[in-house]
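Contents: one structure, followed by commentary.
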Amino acid sequence: GTNEGCYSKVLINSLLKENIECQVTNMGYSGRIIYEVEYTLDKYIQTLPDIVIVNLGSVDVATREIPRWFYNRMQLGVGGLRAIIYRFIYRFLIGKWKTSFVKLRGYKSWVSPGQFMDSLDVILKGIKKDSNAKLIVMGVNAGNERIEKVLPRTLQRYQHLNDLLRAYIDKNDIEHLDVSSLNCEIDYPDGIHYSNEGHEKIGKMLFEKIISTL
């Protein structure tokens, strides 16, 4: 990913203003779920981090109108002509009745909150085992009515995941960044992605968290 216009850029600038030499590597990718991070964990550890910030979950546990394999086959870089066909099906059929397909699929998500926590445990233990990095796990945005209207029961999944995260963090030596103070209408108006204001707030919150752990 790129640092421009995101909270990692805000974090870098905040640290540099305090004359703290640093390099912030943004290894977040749009649409990535926790299994894909788990399977490529070595790639993250090989950056030799001092601090690892984990921001996962909103993509994973939201209810979905399509299974993950369908989403993967829509990616043009992977499927070529097949991807175009899948995109056509999505655009002219599934996408027009997204909420109905969520219900038809039984409100399934790509990863259940329980499965997410199992993979998170593997990831965090792997980082601790192979590095001395401090861990900061971010909570999941609470969502809003906009996303709930399209992907019903998503807010319930987000709340459940946040509860599981807090319980896990309380039992382990991990820093938690609580994002519940964010305003869903201002900081992530689409229910998931941060606005410029949201990136600014998260970057400053991370800066304060990091400073407190140094």
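Within each chain, counting starts at residue 1; across the structure tokens, chains are named A, B, ... in the order shown, with ligands numbered 1 upward in that order.
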
*If you run DSSP on the backbone, which residues of chain A are alpha helix (DSSP H), as a count of residues only?*
112

*Could you give me, as JSON, numbers by chain, the residues within 9 Å of region 68-75 of chain A, counting only C-alpha atoms and dropping anything in the same chain fewer than 3 positions from it?*
{"A": [64, 78, 79, 80, 82, 83, 84, 85, 86, 87, 90, 109, 110]}

Any chance you could export the current selection's all heavy atoms as a compact mmCIF listing (two decimals), in the first residue's frame?
# COMPACT_ATOMS: atom_id res chain seq x y z
N ARG A 64 -21.78 -11.13 3.81
CA ARG A 64 -21.41 -10.98 2.41
C ARG A 64 -22.45 -11.55 1.47
O ARG A 64 -23.09 -12.57 1.76
CB ARG A 64 -20.08 -11.68 2.15
CG ARG A 64 -18.90 -11.04 2.86
CD ARG A 64 -18.58 -9.69 2.29
NE ARG A 64 -17.48 -9.04 2.99
CZ ARG A 64 -16.94 -7.89 2.61
NH1 ARG A 64 -17.41 -7.27 1.54
NH2 ARG A 64 -15.95 -7.36 3.30
N VAL A 78 -5.82 -11.86 -11.72
CA VAL A 78 -5.73 -13.30 -11.47
C VAL A 78 -6.43 -14.11 -12.55
O VAL A 78 -5.90 -15.10 -13.04
CB VAL A 78 -6.35 -13.64 -10.09
CG1 VAL A 78 -6.32 -15.15 -9.85
CG2 VAL A 78 -5.62 -12.90 -8.99
N GLY A 79 -7.64 -13.66 -12.93
CA GLY A 79 -8.48 -14.51 -13.75
C GLY A 79 -8.61 -14.19 -15.22
O GLY A 79 -9.15 -14.99 -15.97
N GLY A 80 -8.17 -13.01 -15.69
CA GLY A 80 -8.29 -12.67 -17.09
C GLY A 80 -9.74 -12.65 -17.55
O GLY A 80 -10.60 -11.99 -16.98
N ARG A 82 -11.97 -14.95 -17.36
CA ARG A 82 -12.87 -15.49 -16.34
C ARG A 82 -13.28 -14.40 -15.36
O ARG A 82 -14.44 -14.32 -14.95
CB ARG A 82 -12.18 -16.63 -15.59
CG ARG A 82 -13.07 -17.30 -14.55
CD ARG A 82 -12.39 -18.47 -13.88
NE ARG A 82 -11.24 -18.04 -13.09
CZ ARG A 82 -10.48 -18.88 -12.38
NH1 ARG A 82 -10.70 -20.18 -12.43
NH2 ARG A 82 -9.46 -18.43 -11.69
N ALA A 83 -12.34 -13.53 -15.01
CA ALA A 83 -12.64 -12.45 -14.08
C ALA A 83 -13.68 -11.51 -14.69
O ALA A 83 -14.58 -11.03 -13.98
CB ALA A 83 -11.37 -11.69 -13.73
N ILE A 84 -13.57 -11.26 -15.97
CA ILE A 84 -14.52 -10.36 -16.64
C ILE A 84 -15.93 -10.97 -16.59
O ILE A 84 -16.92 -10.27 -16.35
CB ILE A 84 -14.09 -10.13 -18.10
CG1 ILE A 84 -12.77 -9.34 -18.13
CG2 ILE A 84 -15.18 -9.39 -18.87
CD1 ILE A 84 -12.18 -9.19 -19.51
N ILE A 85 -16.03 -12.27 -16.79
CA ILE A 85 -17.33 -12.95 -16.73
C ILE A 85 -17.93 -12.86 -15.34
O ILE A 85 -19.11 -12.54 -15.18
CB ILE A 85 -17.19 -14.42 -17.16
CG1 ILE A 85 -16.78 -14.50 -18.64
CG2 ILE A 85 -18.49 -15.19 -16.91
CD1 ILE A 85 -16.41 -15.89 -19.11
N TYR A 86 -17.10 -13.11 -14.32
CA TYR A 86 -17.59 -13.03 -12.95
C TYR A 86 -18.01 -11.61 -12.59
O TYR A 86 -19.00 -11.40 -11.88
CB TYR A 86 -16.53 -13.56 -11.98
CG TYR A 86 -16.57 -15.05 -11.80
CD1 TYR A 86 -15.83 -15.89 -12.64
CD2 TYR A 86 -17.35 -15.64 -10.83
CE1 TYR A 86 -15.86 -17.27 -12.50
CE2 TYR A 86 -17.40 -17.03 -10.67
CZ TYR A 86 -16.65 -17.83 -11.51
OH TYR A 86 -16.70 -19.20 -11.36
N ARG A 87 -17.25 -10.63 -13.07
CA ARG A 87 -17.61 -9.24 -12.80
C ARG A 87 -18.93 -8.87 -13.47
O ARG A 87 -19.73 -8.12 -12.92
CB ARG A 87 -16.50 -8.30 -13.29
CG ARG A 87 -15.28 -8.32 -12.40
CD ARG A 87 -14.28 -7.27 -12.81
NE ARG A 87 -13.20 -7.20 -11.84
CZ ARG A 87 -12.51 -6.10 -11.56
NH1 ARG A 87 -12.80 -4.97 -12.19
NH2 ARG A 87 -11.54 -6.11 -10.67
N TYR A 90 -21.69 -10.29 -11.42
CA TYR A 90 -21.87 -9.51 -10.19
C TYR A 90 -22.57 -8.19 -10.48
O TYR A 90 -23.53 -7.81 -9.79
CB TYR A 90 -20.52 -9.24 -9.52
CG TYR A 90 -20.68 -8.53 -8.20
CD1 TYR A 90 -20.87 -9.24 -7.03
CD2 TYR A 90 -20.68 -7.13 -8.13
CE1 TYR A 90 -21.06 -8.60 -5.82
CE2 TYR A 90 -20.86 -6.47 -6.93
CZ TYR A 90 -21.05 -7.22 -5.77
OH TYR A 90 -21.25 -6.57 -4.59
N SER A 109 -20.40 -14.57 6.65
CA SER A 109 -19.26 -13.70 6.42
C SER A 109 -18.14 -14.54 5.82
O SER A 109 -18.23 -15.77 5.75
CB SER A 109 -18.79 -13.06 7.73
OG SER A 109 -18.54 -14.06 8.70
N TRP A 110 -17.08 -13.88 5.36
CA TRP A 110 -15.96 -14.64 4.80
C TRP A 110 -15.18 -15.35 5.90
O TRP A 110 -14.60 -16.41 5.68
CB TRP A 110 -15.04 -13.70 4.03
CG TRP A 110 -15.63 -13.27 2.71
CD1 TRP A 110 -16.64 -13.91 2.03
CD2 TRP A 110 -15.26 -12.15 1.93
NE1 TRP A 110 -16.90 -13.25 0.85
CE2 TRP A 110 -16.08 -12.15 0.76
CE3 TRP A 110 -14.34 -11.13 2.08
CZ2 TRP A 110 -15.97 -11.18 -0.23
CZ3 TRP A 110 -14.23 -10.16 1.10
CH2 TRP A 110 -15.03 -10.18 -0.04

*Record the distance separating CA of Asp42 (chain A) and CA of Lys125 (chain A), expressed in Å with one decimal.*
12.5 Å

*A:Asn141, A:Asn162, A:Thr47, A:Ser30: which is nearest Ile202 (chain A), counting only C-alpha atoms?*
A:Asn141

_Selection: 12 Å around Lys201 (chain A), only C-alpha atoms, excl. self and same-chain fewer than 5 positions, as JSON, numbers by chain_ = {"A": [6, 7, 8, 9, 10, 11, 14, 177, 178, 179, 180, 181, 182, 183, 186, 187, 188, 194, 195, 196, 206, 207, 208]}

Write to file, as a PDB file, in the first residue's frame, the residues of the selection just made, with N, CA and C atoms.
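Listing of selection_39.pdb after writing:
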ATOM      1  N   CYS A   6      -3.039   8.481   4.330  1.00  0.00           N
ATOM      2  CA  CYS A   6      -3.568   7.505   5.263  1.00  0.00           C
ATOM      3  C   CYS A   6      -2.933   7.709   6.631  1.00  0.00           C
ATOM      4  N   TYR A   7      -3.418   6.951   7.626  1.00  0.00           N
ATOM      5  CA  TYR A   7      -2.971   7.212   8.989  1.00  0.00           C
ATOM      6  C   TYR A   7      -1.493   6.914   9.204  1.00  0.00           C
ATOM      7  N   SER A   8      -0.903   6.058   8.362  1.00  0.00           N
ATOM      8  CA  SER A   8       0.535   5.810   8.502  1.00  0.00           C
ATOM      9  C   SER A   8       1.340   7.076   8.193  1.00  0.00           C
ATOM     10  N   LYS A   9       0.877   7.881   7.249  1.00  0.00           N
ATOM     11  CA  LYS A   9       1.543   9.146   6.929  1.00  0.00           C
ATOM     12  C   LYS A   9       1.429  10.113   8.101  1.00  0.00           C
ATOM     13  N   VAL A  10       0.254  10.171   8.716  1.00  0.00           N
ATOM     14  CA  VAL A  10       0.060  11.017   9.891  1.00  0.00           C
ATOM     15  C   VAL A  10       0.984  10.569  11.016  1.00  0.00           C
ATOM     16  N   LEU A  11       1.099   9.254  11.188  1.00  0.00           N
ATOM     17  CA  LEU A  11       1.959   8.695  12.229  1.00  0.00           C
ATOM     18  C   LEU A  11       3.418   9.062  11.986  1.00  0.00           C
ATOM     19  N   SER A  14       4.027  12.730  12.777  1.00  0.00           N
ATOM     20  CA  SER A  14       3.967  12.983  14.222  1.00  0.00           C
ATOM     21  C   SER A  14       5.257  12.538  14.914  1.00  0.00           C
ATOM     22  N   LEU A 177      -5.730  -0.572  20.701  1.00  0.00           N
ATOM     23  CA  LEU A 177      -6.178   0.760  20.299  1.00  0.00           C
ATOM     24  C   LEU A 177      -7.690   0.724  20.135  1.00  0.00           C
ATOM     25  N   ASP A 178      -8.386   1.291  21.092  1.00  0.00           N
ATOM     26  CA  ASP A 178      -9.849   1.328  21.081  1.00  0.00           C
ATOM     27  C   ASP A 178     -10.305   2.434  20.140  1.00  0.00           C
ATOM     28  N   VAL A 179     -11.083   2.092  19.121  1.00  0.00           N
ATOM     29  CA  VAL A 179     -11.527   3.078  18.131  1.00  0.00           C
ATOM     30  C   VAL A 179     -13.001   3.450  18.319  1.00  0.00           C
ATOM     31  N   SER A 180     -13.569   3.065  19.455  1.00  0.00           N
ATOM     32  CA  SER A 180     -14.993   3.298  19.679  1.00  0.00           C
ATOM     33  C   SER A 180     -15.354   4.780  19.809  1.00  0.00           C
ATOM     34  N   SER A 181     -14.340   5.626  20.047  1.00  0.00           N
ATOM     35  CA  SER A 181     -14.619   7.058  20.193  1.00  0.00           C
ATOM     36  C   SER A 181     -14.793   7.764  18.858  1.00  0.00           C
ATOM     37  N   LEU A 182     -14.501   7.084  17.760  1.00  0.00           N
ATOM     38  CA  LEU A 182     -14.642   7.699  16.445  1.00  0.00           C
ATOM     39  C   LEU A 182     -16.103   7.939  16.107  1.00  0.00           C
ATOM     40  N   ASN A 183     -16.344   8.977  15.339  1.00  0.00           N
ATOM     41  CA  ASN A 183     -17.691   9.335  14.891  1.00  0.00           C
ATOM     42  C   ASN A 183     -17.945   8.688  13.526  1.00  0.00           C
ATOM     43  N   ILE A 186     -18.523  11.003  10.497  1.00  0.00           N
ATOM     44  CA  ILE A 186     -17.427  11.879  10.092  1.00  0.00           C
ATOM     45  C   ILE A 186     -16.170  11.086   9.756  1.00  0.00           C
ATOM     46  N   ASP A 187     -15.845  10.116  10.595  1.00  0.00           N
ATOM     47  CA  ASP A 187     -14.548   9.446  10.495  1.00  0.00           C
ATOM     48  C   ASP A 187     -14.540   8.237   9.575  1.00  0.00           C
ATOM     49  N   TYR A 188     -15.690   7.582   9.376  1.00  0.00           N
ATOM     50  CA  TYR A 188     -15.795   6.489   8.392  1.00  0.00           C
ATOM     51  C   TYR A 188     -17.232   6.449   7.870  1.00  0.00           C
ATOM     52  N   TYR A 194     -11.841   4.820   6.433  1.00  0.00           N
ATOM     53  CA  TYR A 194     -11.617   6.099   7.086  1.00  0.00           C
ATOM     54  C   TYR A 194     -11.669   7.250   6.086  1.00  0.00           C
ATOM     55  N   SER A 195     -12.275   8.335   6.509  1.00  0.00           N
ATOM     56  CA  SER A 195     -12.203   9.591   5.777  1.00  0.00           C
ATOM     57  C   SER A 195     -10.867  10.257   6.112  1.00  0.00           C
ATOM     58  N   ASN A 196     -10.596  11.421   5.513  1.00  0.00           N
ATOM     59  CA  ASN A 196      -9.371  12.142   5.858  1.00  0.00           C
ATOM     60  C   ASN A 196      -9.335  12.460   7.352  1.00  0.00           C
ATOM     61  N   LEU A 206      -2.512   6.472  17.339  1.00  0.00           N
ATOM     62  CA  LEU A 206      -1.406   5.524  17.279  1.00  0.00           C
ATOM     63  C   LEU A 206      -0.110   6.162  17.777  1.00  0.00           C
ATOM     64  N   PHE A 207       0.098   7.414  17.401  1.00  0.00           N
ATOM     65  CA  PHE A 207       1.286   8.126  17.865  1.00  0.00           C
ATOM     66  C   PHE A 207       1.320   8.176  19.389  1.00  0.00           C
ATOM     67  N   GLU A 208       0.199   8.538  20.000  1.00  0.00           N
ATOM     68  CA  GLU A 208       0.148   8.615  21.460  1.00  0.00           C
ATOM     69  C   GLU A 208       0.353   7.250  22.103  1.00  0.00           C
TER      70      GLU A 208
END

*Using only C-alpha atoms, pick whichever of A:Trp97, A:Tyr35, A:Gly28, A:His176 has the shortest atom-to-atom distance to Val137 (chain A).*
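Using only C-alpha atoms, Val137 (chain A) sits closest to A:His176.
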
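Coordinates place CA of Ile192 (chain A) at a distance of 6.2 Å from CA of Gly143 (chain A).
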
_Please list as a PyMOL selection string every residue within 12 Å of Val102 (chain A), counting only C-alpha atoms and excluding residues in the same chain fewer than 2 positions away._
chain A and resi 62-67+94-100+104-110+148-154

Written selection (N, CA and C atoms) as an mmCIF file, in the first residue's frame:
data_model
loop_
_atom_site.group_PDB
_atom_site.id
_atom_site.type_symbol
_atom_site.label_atom_id
_atom_site.label_comp_id
_atom_site.auth_asym_id
_atom_site.auth_seq_id
_atom_site.Cartn_x
_atom_site.Cartn_y
_atom_site.Cartn_z
ATOM 1 N N ALA A 62 -17.766 -8.994 8.170
ATOM 2 C CA ALA A 62 -18.997 -8.424 7.615
ATOM 3 C C ALA A 62 -19.776 -9.515 6.877
ATOM 4 N N THR A 63 -21.087 -9.457 6.923
ATOM 5 C CA THR A 63 -21.876 -10.407 6.133
ATOM 6 C C THR A 63 -21.663 -10.107 4.650
ATOM 7 N N ARG A 64 -21.783 -11.130 3.815
ATOM 8 C CA ARG A 64 -21.410 -10.979 2.411
ATOM 9 C C ARG A 64 -22.451 -11.553 1.466
ATOM 10 N N GLU A 65 -22.553 -10.904 0.315
ATOM 11 C CA GLU A 65 -23.492 -11.343 -0.712
ATOM 12 C C GLU A 65 -22.890 -12.417 -1.613
ATOM 13 N N ILE A 66 -21.578 -12.568 -1.573
ATOM 14 C CA ILE A 66 -20.890 -13.579 -2.377
ATOM 15 C C ILE A 66 -19.858 -14.289 -1.508
ATOM 16 N N PRO A 67 -19.531 -15.532 -1.829
ATOM 17 C CA PRO A 67 -18.449 -16.216 -1.107
ATOM 18 C C PRO A 67 -17.094 -15.656 -1.512
ATOM 19 N N ILE A 94 -26.005 -9.978 -9.092
ATOM 20 C CA ILE A 94 -25.813 -9.987 -7.638
ATOM 21 C C ILE A 94 -25.770 -8.579 -7.068
ATOM 22 N N GLY A 95 -25.004 -7.704 -7.721
ATOM 23 C CA GLY A 95 -24.848 -6.341 -7.205
ATOM 24 C C GLY A 95 -26.134 -5.554 -7.128
ATOM 25 N N LYS A 96 -27.095 -5.890 -7.971
ATOM 26 C CA LYS A 96 -28.375 -5.171 -7.975
ATOM 27 C C LYS A 96 -29.274 -5.586 -6.814
ATOM 28 N N TRP A 97 -29.050 -6.770 -6.288
ATOM 29 C CA TRP A 97 -29.860 -7.266 -5.166
ATOM 30 C C TRP A 97 -28.937 -7.789 -4.065
ATOM 31 N N LYS A 98 -27.968 -6.955 -3.713
ATOM 32 C CA LYS A 98 -26.926 -7.353 -2.768
ATOM 33 C C LYS A 98 -27.508 -7.833 -1.438
ATOM 34 N N THR A 99 -28.413 -7.064 -0.868
ATOM 35 C CA THR A 99 -28.979 -7.414 0.437
ATOM 36 C C THR A 99 -29.736 -8.739 0.378
ATOM 37 N N SER A 100 -30.438 -8.961 -0.706
ATOM 38 C CA SER A 100 -31.175 -10.214 -0.858
ATOM 39 C C SER A 100 -30.227 -11.406 -0.904
ATOM 40 N N LEU A 104 -29.967 -14.722 1.385
ATOM 41 C CA LEU A 104 -29.992 -16.050 0.782
ATOM 42 C C LEU A 104 -28.810 -16.899 1.242
ATOM 43 N N ARG A 105 -27.694 -16.248 1.499
ATOM 44 C CA ARG A 105 -26.497 -16.961 1.956
ATOM 45 C C ARG A 105 -26.515 -17.206 3.461
ATOM 46 N N GLY A 106 -27.618 -16.831 4.109
ATOM 47 C CA GLY A 106 -27.708 -17.072 5.552
ATOM 48 C C GLY A 106 -26.853 -16.140 6.377
ATOM 49 N N TYR A 107 -26.636 -14.920 5.869
ATOM 50 C CA TYR A 107 -25.859 -13.896 6.573
ATOM 51 C C TYR A 107 -24.426 -14.354 6.863
ATOM 52 N N LYS A 108 -23.873 -15.112 5.942
ATOM 53 C CA LYS A 108 -22.513 -15.616 6.142
ATOM 54 C C LYS A 108 -21.481 -14.516 5.885
ATOM 55 N N SER A 109 -20.403 -14.567 6.653
ATOM 56 C CA SER A 109 -19.257 -13.701 6.422
ATOM 57 C C SER A 109 -18.137 -14.542 5.816
ATOM 58 N N TRP A 110 -17.085 -13.883 5.357
ATOM 59 C CA TRP A 110 -15.962 -14.636 4.805
ATOM 60 C C TRP A 110 -15.184 -15.353 5.904
ATOM 61 N N GLU A 148 -25.155 -1.395 7.464
ATOM 62 C CA GLU A 148 -26.120 -2.374 7.987
ATOM 63 C C GLU A 148 -27.296 -2.558 7.046
ATOM 64 N N LYS A 149 -27.684 -1.494 6.364
ATOM 65 C CA LYS A 149 -28.809 -1.571 5.419
ATOM 66 C C LYS A 149 -28.473 -2.473 4.236
ATOM 67 N N VAL A 150 -27.219 -2.430 3.790
ATOM 68 C CA VAL A 150 -26.793 -3.223 2.630
ATOM 69 C C VAL A 150 -26.345 -4.620 3.045
ATOM 70 N N LEU A 151 -25.636 -4.694 4.174
ATOM 71 C CA LEU A 151 -25.094 -5.962 4.674
ATOM 72 C C LEU A 151 -25.643 -6.222 6.075
ATOM 73 N N PRO A 152 -26.912 -6.633 6.157
ATOM 74 C CA PRO A 152 -27.554 -6.790 7.467
ATOM 75 C C PRO A 152 -26.815 -7.760 8.385
ATOM 76 N N ARG A 153 -26.852 -7.441 9.693
ATOM 77 C CA ARG A 153 -26.210 -8.184 10.791
ATOM 78 C C ARG A 153 -24.700 -7.958 10.873
ATOM 79 N N THR A 154 -24.190 -7.036 10.048
ATOM 80 C CA THR A 154 -22.763 -6.733 10.105
ATOM 81 C C THR A 154 -22.394 -6.028 11.407
#

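The shell of residues at most 8 Å from region 56-60 of chain A, with only C-alpha atoms counted and near chain neighbours (fewer than 2 positions) removed, consists of Gly31, Arg32, Ile33, Ile34, Val54, Ala62, Ser109, Trp110, Val111, Ser112, Phe116, Met138, Val140, Asn141, Tyr158, Leu161 and Ile192 of chain A.
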
*List the neighbours of Leu124 (chain A) out to 10 Å using only C-alpha atoms; skip same-chain residues closer than 2 positions along the sequence, and give me the result as a VMD selection string.*
chain A and resid 38 41 52 54 119 to 122 126 to 129 135 to 137 174

Now that the selection is made, can you save its residues with N, CA, C and O atoms as an mmCIF file, in the first residue's frame?
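Now in part.cif:
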data_model
loop_
_atom_site.group_PDB
_atom_site.id
_atom_site.type_symbol
_atom_site.label_atom_id
_atom_site.label_comp_id
_atom_site.auth_asym_id
_atom_site.auth_seq_id
_atom_site.Cartn_x
_atom_site.Cartn_y
_atom_site.Cartn_z
ATOM 1 N N GLU A 38 -2.027 -14.593 7.585
ATOM 2 C CA GLU A 38 -1.455 -15.757 8.269
ATOM 3 C C GLU A 38 -0.560 -16.564 7.336
ATOM 4 O O GLU A 38 0.538 -16.993 7.718
ATOM 5 N N LEU A 41 2.843 -14.711 6.675
ATOM 6 C CA LEU A 41 3.357 -14.057 7.880
ATOM 7 C C LEU A 41 4.856 -13.774 7.799
ATOM 8 O O LEU A 41 5.324 -12.733 8.272
ATOM 9 N N VAL A 52 4.506 -3.657 15.638
ATOM 10 C CA VAL A 52 3.568 -4.141 14.620
ATOM 11 C C VAL A 52 2.166 -3.671 14.993
ATOM 12 O O VAL A 52 1.690 -3.922 16.099
ATOM 13 N N VAL A 54 -1.699 -4.061 14.056
ATOM 14 C CA VAL A 54 -2.613 -4.987 13.371
ATOM 15 C C VAL A 54 -3.980 -4.326 13.235
ATOM 16 O O VAL A 54 -4.622 -3.974 14.222
ATOM 17 N N SER A 119 -7.007 -17.382 13.927
ATOM 18 C CA SER A 119 -5.918 -16.969 13.043
ATOM 19 C C SER A 119 -5.114 -15.824 13.657
ATOM 20 O O SER A 119 -3.884 -15.779 13.517
ATOM 21 N N LEU A 120 -5.791 -14.906 14.331
ATOM 22 C CA LEU A 120 -5.085 -13.802 14.978
ATOM 23 C C LEU A 120 -4.113 -14.332 16.028
ATOM 24 O O LEU A 120 -2.982 -13.846 16.151
ATOM 25 N N ASP A 121 -4.533 -15.337 16.764
ATOM 26 C CA ASP A 121 -3.670 -15.944 17.779
ATOM 27 C C ASP A 121 -2.409 -16.516 17.139
ATOM 28 O O ASP A 121 -1.301 -16.334 17.659
ATOM 29 N N VAL A 122 -2.566 -17.191 16.013
ATOM 30 C CA VAL A 122 -1.411 -17.751 15.300
ATOM 31 C C VAL A 122 -0.475 -16.630 14.844
ATOM 32 O O VAL A 122 0.752 -16.713 14.988
ATOM 33 N N GLY A 126 3.207 -15.915 16.320
ATOM 34 C CA GLY A 126 4.293 -16.032 15.356
ATOM 35 C C GLY A 126 5.195 -14.806 15.373
ATOM 36 O O GLY A 126 6.422 -14.920 15.303
ATOM 37 N N ILE A 127 4.592 -13.628 15.470
ATOM 38 C CA ILE A 127 5.375 -12.393 15.532
ATOM 39 C C ILE A 127 6.206 -12.356 16.810
ATOM 40 O O ILE A 127 7.389 -12.007 16.796
ATOM 41 N N LYS A 128 5.589 -12.724 17.930
ATOM 42 C CA LYS A 128 6.309 -12.734 19.205
ATOM 43 C C LYS A 128 7.462 -13.729 19.195
ATOM 44 O O LYS A 128 8.537 -13.461 19.739
ATOM 45 N N LYS A 129 7.241 -14.857 18.556
ATOM 46 C CA LYS A 129 8.262 -15.919 18.533
ATOM 47 C C LYS A 129 9.473 -15.520 17.701
ATOM 48 O O LYS A 129 10.620 -15.805 18.078
ATOM 49 N N LEU A 135 3.345 -5.232 20.081
ATOM 50 C CA LEU A 135 2.124 -5.433 19.303
ATOM 51 C C LEU A 135 1.056 -4.434 19.706
ATOM 52 O O LEU A 135 0.797 -4.218 20.888
ATOM 53 N N ILE A 136 0.447 -3.828 18.695
ATOM 54 C CA ILE A 136 -0.715 -2.958 18.900
ATOM 55 C C ILE A 136 -1.840 -3.486 18.017
ATOM 56 O O ILE A 136 -1.701 -3.525 16.789
ATOM 57 N N VAL A 137 -2.926 -3.914 18.629
ATOM 58 C CA VAL A 137 -4.070 -4.431 17.875
ATOM 59 C C VAL A 137 -5.188 -3.390 17.908
ATOM 60 O O VAL A 137 -5.645 -2.989 18.978
ATOM 61 N N ILE A 174 -0.405 -7.344 25.116
ATOM 62 C CA ILE A 174 -0.629 -6.672 23.837
ATOM 63 C C ILE A 174 -1.303 -5.329 24.097
ATOM 64 O O ILE A 174 -2.189 -5.215 24.948
#

*Among listed residues A:Ile211, A:Val61, A:Ile169, A:Met27, nearest Gln156 (chain A) (using only C-alpha atoms)*: A:Val61

*Please run DSSP on the backbone and report, as a count of residues only, all residues within chain A that come out as strand (DSSP E).*
12

*Would you list the contacts of Gly191 (chain A) as a PyMOL selection string, taking every protein, DNA or RNA residue within 9 Å and counting only C-alpha atoms, but skipping same-chain residues closer than 6 positions in sequence?*
chain A and resi 141-148+184-185
